[in-house]
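Coordinates from final13.txt are shown below (compact mmCIF, C-alpha atoms and all ligand atoms).
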# COMPACT_ATOMS: atom_id res chain seq x y z
CA MET A 1253 105.50 136.85 81.14
CA LYS A 1254 109.25 136.33 81.05
CA ASN A 1255 109.30 136.42 84.83
CA ASN A 1256 106.60 133.77 85.02
CA ILE A 1257 108.55 131.36 82.87
CA THR A 1258 111.84 131.92 84.66
CA GLY A 1259 110.14 131.38 88.01
CA LEU A 1260 108.55 128.15 86.87
CA PHE A 1261 111.76 126.75 85.41
CA ALA A 1262 113.72 127.64 88.51
CA GLU A 1263 111.19 125.70 90.55
CA LEU A 1264 111.31 122.65 88.29
CA PHE A 1265 114.97 122.23 87.50
CA TYR A 1266 117.14 123.77 90.17
CA PRO A 1267 117.73 122.11 93.51
CA SER A 1268 115.61 123.53 96.34
CA ARG A 1269 117.53 126.05 98.34
CA CYS A 1270 117.04 127.32 101.86
CA MET A 1271 115.01 130.55 101.91
CA VAL A 1272 117.43 132.05 104.45
CA CYS A 1273 121.02 130.94 103.65
CA GLN A 1274 120.39 129.74 100.05
CA GLY A 1275 122.12 126.43 100.85
CA VAL A 1276 120.93 123.28 99.05
CA LEU A 1277 118.20 121.49 101.02
CA SER A 1278 118.07 117.80 101.79
CA PRO A 1279 114.87 116.01 100.78
CA ARG A 1280 113.72 116.16 104.40
CA GLU A 1281 114.27 119.92 104.68
CA LYS A 1282 112.47 120.64 101.43
CA LYS A 1283 108.98 120.76 102.87
CA TYR A 1284 109.26 124.11 104.62
CA GLY A 1285 112.12 125.53 102.55
CA LEU A 1286 114.52 125.83 105.49
CA CYS A 1287 117.71 123.99 106.36
CA SER A 1288 117.95 122.64 109.89
CA GLN A 1289 120.24 125.51 110.98
CA CYS A 1290 118.07 128.31 109.59
CA LYS A 1291 114.91 126.70 110.88
CA LYS A 1292 116.11 127.73 114.34
CA LYS A 1293 116.42 131.36 113.27
CA VAL A 1294 112.89 131.62 111.89
CA SER A 1295 110.06 132.16 114.38
CA VAL A 1296 106.76 130.66 113.39
CA ILE A 1297 103.80 132.10 115.28
CA LYS A 1298 102.89 130.09 118.34
CA GLU A 1299 100.74 130.95 121.32
CA PRO A 1300 100.45 133.40 122.94
CA PHE A 1301 99.26 135.53 120.03
CA CYS A 1302 96.57 138.20 119.84
CA LEU A 1303 93.22 136.41 119.63
CA LYS A 1304 91.97 139.03 117.20
CA CYS A 1305 94.73 139.79 114.70
CA GLY A 1306 97.27 137.02 115.42
CA LYS A 1307 100.21 139.27 116.37
CA LYS A 1308 102.81 137.59 118.51
CA LEU A 1309 102.43 138.42 122.21
CA PHE A 1310 105.24 138.01 124.70
CA ASP A 1311 103.05 138.08 127.76
CA ASP A 1312 100.65 135.16 128.12
CA THR A 1313 98.41 137.03 130.55
CA LEU A 1314 97.26 139.24 127.65
CA GLU A 1315 94.61 138.20 125.14
CA TYR A 1316 94.87 141.08 122.69
CA CYS A 1317 97.64 143.26 121.32
CA GLU A 1318 97.50 146.96 122.05
CA ASP A 1319 96.01 147.92 118.67
CA CYS A 1320 93.22 145.35 118.95
CA GLU A 1321 92.58 146.15 122.59
CA GLU A 1322 91.76 149.68 121.43
CA SER A 1323 89.85 148.89 118.25
CA ARG A 1324 88.68 145.30 118.60
CA PHE A 1325 85.03 146.15 118.02
CA GLY A 1326 85.79 148.65 115.30
CA ARG A 1327 87.48 146.19 112.96
CA PHE A 1328 85.81 144.78 109.88
CA PHE A 1329 87.57 141.42 109.89
CA SER A 1330 86.65 138.79 112.46
CA LYS A 1331 90.05 137.24 113.10
CA GLY A 1332 93.45 137.04 111.49
CA ARG A 1333 96.42 134.69 111.76
CA GLY A 1334 100.02 135.06 110.65
CA VAL A 1335 102.53 132.33 109.86
CA TYR A 1336 105.93 133.85 110.75
CA LEU A 1337 107.15 136.64 112.96
CA TYR A 1338 108.33 139.54 110.81
CA ASP A 1339 111.83 139.89 112.18
CA GLY A 1340 115.40 140.11 110.83
CA VAL A 1341 115.63 136.80 108.99
CA MET A 1342 112.09 136.86 107.64
CA ARG A 1343 112.53 140.44 106.44
CA GLU A 1344 115.26 139.18 104.09
CA VAL A 1345 113.15 136.23 102.97
CA MET A 1346 110.18 138.50 102.29
CA TYR A 1347 112.38 140.89 100.33
CA ARG A 1348 113.44 138.08 97.99
CA PHE A 1349 109.88 136.77 97.76
CA LYS A 1350 108.57 140.21 96.76
CA TYR A 1351 111.32 141.69 94.64
CA LYS A 1352 113.63 138.88 93.52
CA ASN A 1353 111.14 136.61 91.83
CA LYS A 1354 111.23 133.95 94.57
CA ARG A 1355 107.52 133.47 94.21
CA TYR A 1356 107.79 129.70 94.71
CA TYR A 1357 108.44 130.44 98.41
CA ALA A 1358 104.64 130.75 98.55
CA ALA A 1359 104.40 126.93 98.57
CA TYR A 1360 106.68 126.74 101.65
CA PHE A 1361 104.68 129.44 103.42
CA ALA A 1362 101.42 127.66 102.66
CA ARG A 1363 102.70 124.31 103.99
CA GLN A 1364 103.76 126.01 107.20
CA ALA A 1365 100.35 127.72 107.38
CA TYR A 1366 98.68 124.35 106.98
CA PHE A 1367 100.78 122.88 109.77
CA LEU A 1368 99.87 125.74 112.13
CA TYR A 1369 96.26 126.52 111.22
CA GLN A 1370 94.67 123.42 109.73
CA ARG A 1371 92.39 123.16 112.76
CA TRP A 1372 91.49 126.86 112.75
CA ILE A 1373 90.61 126.72 109.04
CA SER A 1374 88.40 123.68 109.53
CA ASP A 1375 86.63 125.55 112.37
CA ILE A 1376 85.98 128.77 110.44
CA ARG A 1377 85.37 127.05 107.07
CA PRO A 1378 85.95 129.87 104.58
CA ASP A 1379 84.10 129.58 101.25
CA LEU A 1380 86.62 131.59 99.27
CA ILE A 1381 90.21 132.76 99.45
CA LEU A 1382 90.86 136.26 98.12
CA PRO A 1383 94.21 138.04 98.05
CA VAL A 1384 94.49 141.71 99.01
CA PRO A 1385 95.24 143.03 95.51
CA MET A 1386 98.09 145.19 94.41
CA TYR A 1387 97.40 148.23 92.27
CA ARG A 1388 97.52 147.16 88.60
CA GLY A 1389 100.24 149.61 87.60
CA LYS A 1390 102.49 148.35 90.35
CA MET A 1391 101.79 144.74 89.48
CA LYS A 1392 102.66 145.29 85.80
CA LYS A 1393 105.99 146.73 86.82
CA ARG A 1394 106.88 143.86 89.14
CA GLY A 1395 105.34 141.08 87.06
CA TYR A 1396 103.57 139.29 89.88
CA ASP A 1397 101.55 139.93 93.00
CA GLN A 1398 102.99 138.28 96.10
CA ALA A 1399 99.69 138.11 98.01
CA GLU A 1400 98.12 136.37 95.02
CA CYS A 1401 100.95 133.79 94.94
CA PHE A 1402 100.33 133.03 98.62
CA ALA A 1403 96.55 132.88 98.07
CA LYS A 1404 96.99 130.32 95.26
CA ALA A 1405 99.31 128.19 97.39
CA LEU A 1406 96.87 128.31 100.33
CA SER A 1407 94.03 127.41 98.02
CA ARG A 1408 95.92 124.24 97.06
CA VAL A 1409 96.85 123.13 100.58
CA PHE A 1410 93.47 123.89 102.16
CA ASP A 1411 91.39 122.97 99.11
CA ILE A 1412 89.39 126.19 99.19
CA PRO A 1413 88.66 128.04 95.93
CA ASN A 1414 90.73 131.11 95.18
CA VAL A 1415 88.93 133.36 92.73
CA GLY A 1416 90.91 136.07 91.00
CA GLY A 1417 89.58 139.46 89.95
CA ILE A 1418 86.79 139.81 92.53
CA LEU A 1419 88.58 142.26 94.74
CA SER A 1420 90.58 144.99 93.01
CA ARG A 1421 92.43 148.11 93.95
CA THR A 1422 90.89 151.15 92.32
CA ARG A 1423 93.80 153.50 92.78
CA SER A 1424 97.36 153.63 93.90
CA THR A 1425 97.73 154.55 97.54
CA LEU A 1426 100.62 156.25 99.27
CA PRO A 1427 103.07 153.93 101.01
CA GLN A 1428 101.59 153.27 104.44
CA LYS A 1429 104.96 153.51 106.14
CA GLY A 1430 105.32 156.66 108.18
CA LEU A 1431 101.61 157.53 108.18
CA SER A 1432 99.65 157.78 111.42
CA GLY A 1433 96.70 155.46 112.08
CA ALA A 1434 94.12 158.02 110.98
CA ALA A 1435 96.13 158.98 107.90
CA ARG A 1436 96.45 155.30 106.95
CA ARG A 1437 92.72 154.81 107.08
CA LEU A 1438 92.09 157.93 105.02
CA ASN A 1439 94.73 156.85 102.51
CA LEU A 1440 92.90 153.55 102.00
CA LYS A 1441 89.35 154.85 102.00
CA ASN A 1442 87.49 153.53 98.94
CA ALA A 1443 90.70 152.04 97.57
CA PHE A 1444 89.03 148.65 96.95
CA HIS A 1445 86.33 147.57 94.56
CA ILE A 1446 84.31 144.34 94.51
CA ARG A 1447 83.18 142.92 91.19
CA GLY A 1448 79.89 141.03 90.93
CA ASN A 1449 78.03 139.46 93.85
CA LEU A 1450 80.19 136.40 94.47
CA VAL A 1451 81.06 137.38 98.04
CA GLN A 1452 77.45 137.78 99.15
CA SER A 1453 76.74 135.72 102.30
CA LYS A 1454 80.14 134.06 101.93
CA SER A 1455 82.83 133.58 104.50
CA ILE A 1456 86.06 134.97 103.06
CA LEU A 1457 89.67 134.26 103.90
CA LEU A 1458 91.48 137.44 102.94
CA VAL A 1459 95.18 136.92 102.29
CA ASP A 1460 98.04 139.40 102.49
CA ASP A 1461 101.82 139.31 102.78
CA ILE A 1462 102.62 141.33 105.91
CA TYR A 1463 100.39 142.55 108.71
CA THR A 1464 101.52 145.59 110.66
CA THR A 1465 98.75 147.93 111.79
CA GLY A 1466 96.01 146.07 109.95
CA ALA A 1467 94.81 149.20 108.11
CA THR A 1468 95.08 147.57 104.67
CA VAL A 1469 93.30 144.28 105.41
CA ASP A 1470 90.71 146.18 107.40
CA ALA A 1471 89.95 148.52 104.48
CA ALA A 1472 89.65 145.49 102.16
CA ALA A 1473 87.49 143.71 104.75
CA GLU A 1474 85.22 146.76 104.97
CA ALA A 1475 84.71 146.69 101.19
CA LEU A 1476 83.89 142.96 101.37
CA ARG A 1477 81.43 143.44 104.21
CA ASP A 1478 79.78 146.32 102.32
CA ALA A 1479 79.37 143.93 99.39
CA GLY A 1480 77.54 141.45 101.65
CA ALA A 1481 80.28 139.07 102.85
CA ALA A 1482 79.10 137.22 105.98
CA GLU A 1483 82.52 137.00 107.61
CA VAL A 1484 86.02 138.08 106.73
CA TYR A 1485 89.00 136.25 108.22
CA CYS A 1486 92.57 137.07 107.36
CA MET A 1487 95.79 135.19 106.90
CA TYR A 1488 99.18 136.75 106.29
CA ILE A 1489 102.64 135.35 105.72
CA CYS A 1490 104.26 137.57 108.32
CA VAL A 1491 102.99 139.41 111.33
CA GLY A 1492 104.74 141.78 113.72
CA ASN A 1493 104.78 141.44 117.43
CA GLY A 1494 102.10 142.97 119.60
CA LYS A 1495 104.42 144.18 122.32
CA ARG A 1496 103.01 147.03 124.32
CA ARG A 1497 104.64 150.18 123.11
CA ARG A 1498 106.22 152.37 125.72
CA LYS A 1499 104.35 155.62 126.19
CA LYS A 1500 106.32 158.65 124.98
ZN ZN B 1601 119.65 127.74 105.70
ZN ZN B 1602 95.83 142.25 117.67

As structure tokens, please, write out the structure in this file.
Amino acid sequence: MKNNITGLFAELFYPSRCMVCQGVLSPREKKYGLCSQCKKKVSVIKEPFCLKCGKKLFDDTLEYCEDCEESRFGRFFSKGRGVYLYDGVMREVMYRFKYKNKRYYAAYFARQAYFLYQRWISDIRPDLILPVPMYRGKMKKRGYDQAECFAKALSRVFDIPNVGGILSRTRSTLPQKGLSGAARRLNLKNAFHIRGNLVQSKSILLVDDIYTTGATVDAAAEALRDAGAAEVYCMYICVGNGKRRRKK
């Protein structure tokens, strides 16, 4: 609770600061939370990106990243889009957003998402926005759930309902880092639960903070599809690049 209040007051009374260098922003720079210098250091996702998951591609002759090329028909979500490339500068921003109570960054991320994907959203027309939930124990410790903050901000800019408590995490999972693809899927198996029948026949926009291999959103999408969701699309704040990995 304390965290909530501090976050709110910070947003209301302190001058807006750049998400990267923490410098005070001019009224014009306020919209996206970046000063004109740092704006150049942040990469927002532009074409070419993977048509399936939205990962940045550096070769415009490709349509899909390597992961999606292999598993495109095995995924449970239809399409996903990311807002920023998850690189050096954005790693620092995401760290502060997740662990340093900079939850108001969510509004900047959502405005940028609106700028990039307004058209896409009006094409796919999701009925509901749902965040990929954090395990309750973890959330209690941290005080807030970053994916939920982003989902609420997106709900405001796109005017699509965001309903809390439908999708929940039934158990804590191991950190995904360092696990192989198969181990990641096993780690997430049955980790999500859907309450009630609100997702039935609905098109869902599933929201998460960072997309790497897609195992987490895919496991959540599988649970939503099992519960009768018609389509599951995804949106994440940051996405990696879909560069072809060199064979070992
Ligand atoms: Zn700056
Ligand atoms: Zn992809």

Determine, for each residue of chain A having at least one atom at most 6 Å from an atom of ligand ZN 1602 (chain B), the closest pair of atoms and their separation in Å to one decimal, counting all atoms listed in the file; order by chain and ascending number, as CSV.
residue,atom,partner,partner_atom,distance
A:Cys1302,CA,B:ZN1602,ZN,4.7
A:Lys1304,CA,B:ZN1602,ZN,5.0
A:Cys1305,CA,B:ZN1602,ZN,4.0
A:Gly1306,CA,B:ZN1602,ZN,5.9
A:Lys1307,CA,B:ZN1602,ZN,5.5
A:Tyr1316,CA,B:ZN1602,ZN,5.2
A:Cys1317,CA,B:ZN1602,ZN,4.2
A:Asp1319,CA,B:ZN1602,ZN,5.8
A:Cys1320,CA,B:ZN1602,ZN,4.2

Expected answer as number ranges by chain: residues within 6 Å of ligand ZN 1601 (chain B), only C-alpha atoms and all ligand atoms
A: 1270, 1272-1273, 1275, 1286-1287, 1289-1290

### Query
Neighbours of range 1467-1480 of chain A within 9 Å (all atoms listed in the file; same-chain residues fewer than 2 positions away dropped), as a PyMOL selection string?
chain A and resi 1327-1329+1384+1419+1428+1433+1436-1437+1440-1446+1448-1449+1451-1454+1456+1458-1460+1463-1465+1482-1486

Pairwise distance, CA of Val1409 in chain A with CA of Ile1462 in chain A, equals 19.8 Å

Test item: axis-aligned box, all listed atoms of range 1341-1358 of chain A, 5 Å on each side, centre and edges in Å rounded to one decimal, as JSON:
{"center_x": 110.1, "center_y": 135.7, "center_z": 100.4, "size_x": 21.0, "size_y": 22.0, "size_z": 27.2}

Using all atoms listed in the file, the best pick from A:Tyr1357, A:Phe1301, A:Phe1349, A:Phe1310 as closest to Arg1269 in chain A would be A:Tyr1357

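A straight line drawn from CA of Ser1295 in chain A to CA of Leu1337 in chain A is 5.5 Å long.
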
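For the set A:Lys1393, A:Arg1348, A:Lys1298, A:Arg1355, the residue with the smallest atom-to-atom gap to Gly1334 in chain A is A:Lys1298, counting all atoms listed in the file.
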
The distance between CA of Tyr1369 in chain A and CA of Pro1413 in chain A is 17.1 Å

Within 9 Å of range 1280-1284 of chain A using only C-alpha atoms, minus same-chain residues under 5 positions, as a list in words
Ser1268, Arg1269, Cys1270, Lys1291, Tyr1357, Ala1359, Tyr1360, Phe1361, Ala1362, Arg1363 and Gln1364 of chain A

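The closest residue to Arg1343 in chain A, picked from A:Asp1312, A:Asp1461, A:Asp1397, A:Glu1321 and counting all atoms listed in the file, is A:Asp1461.
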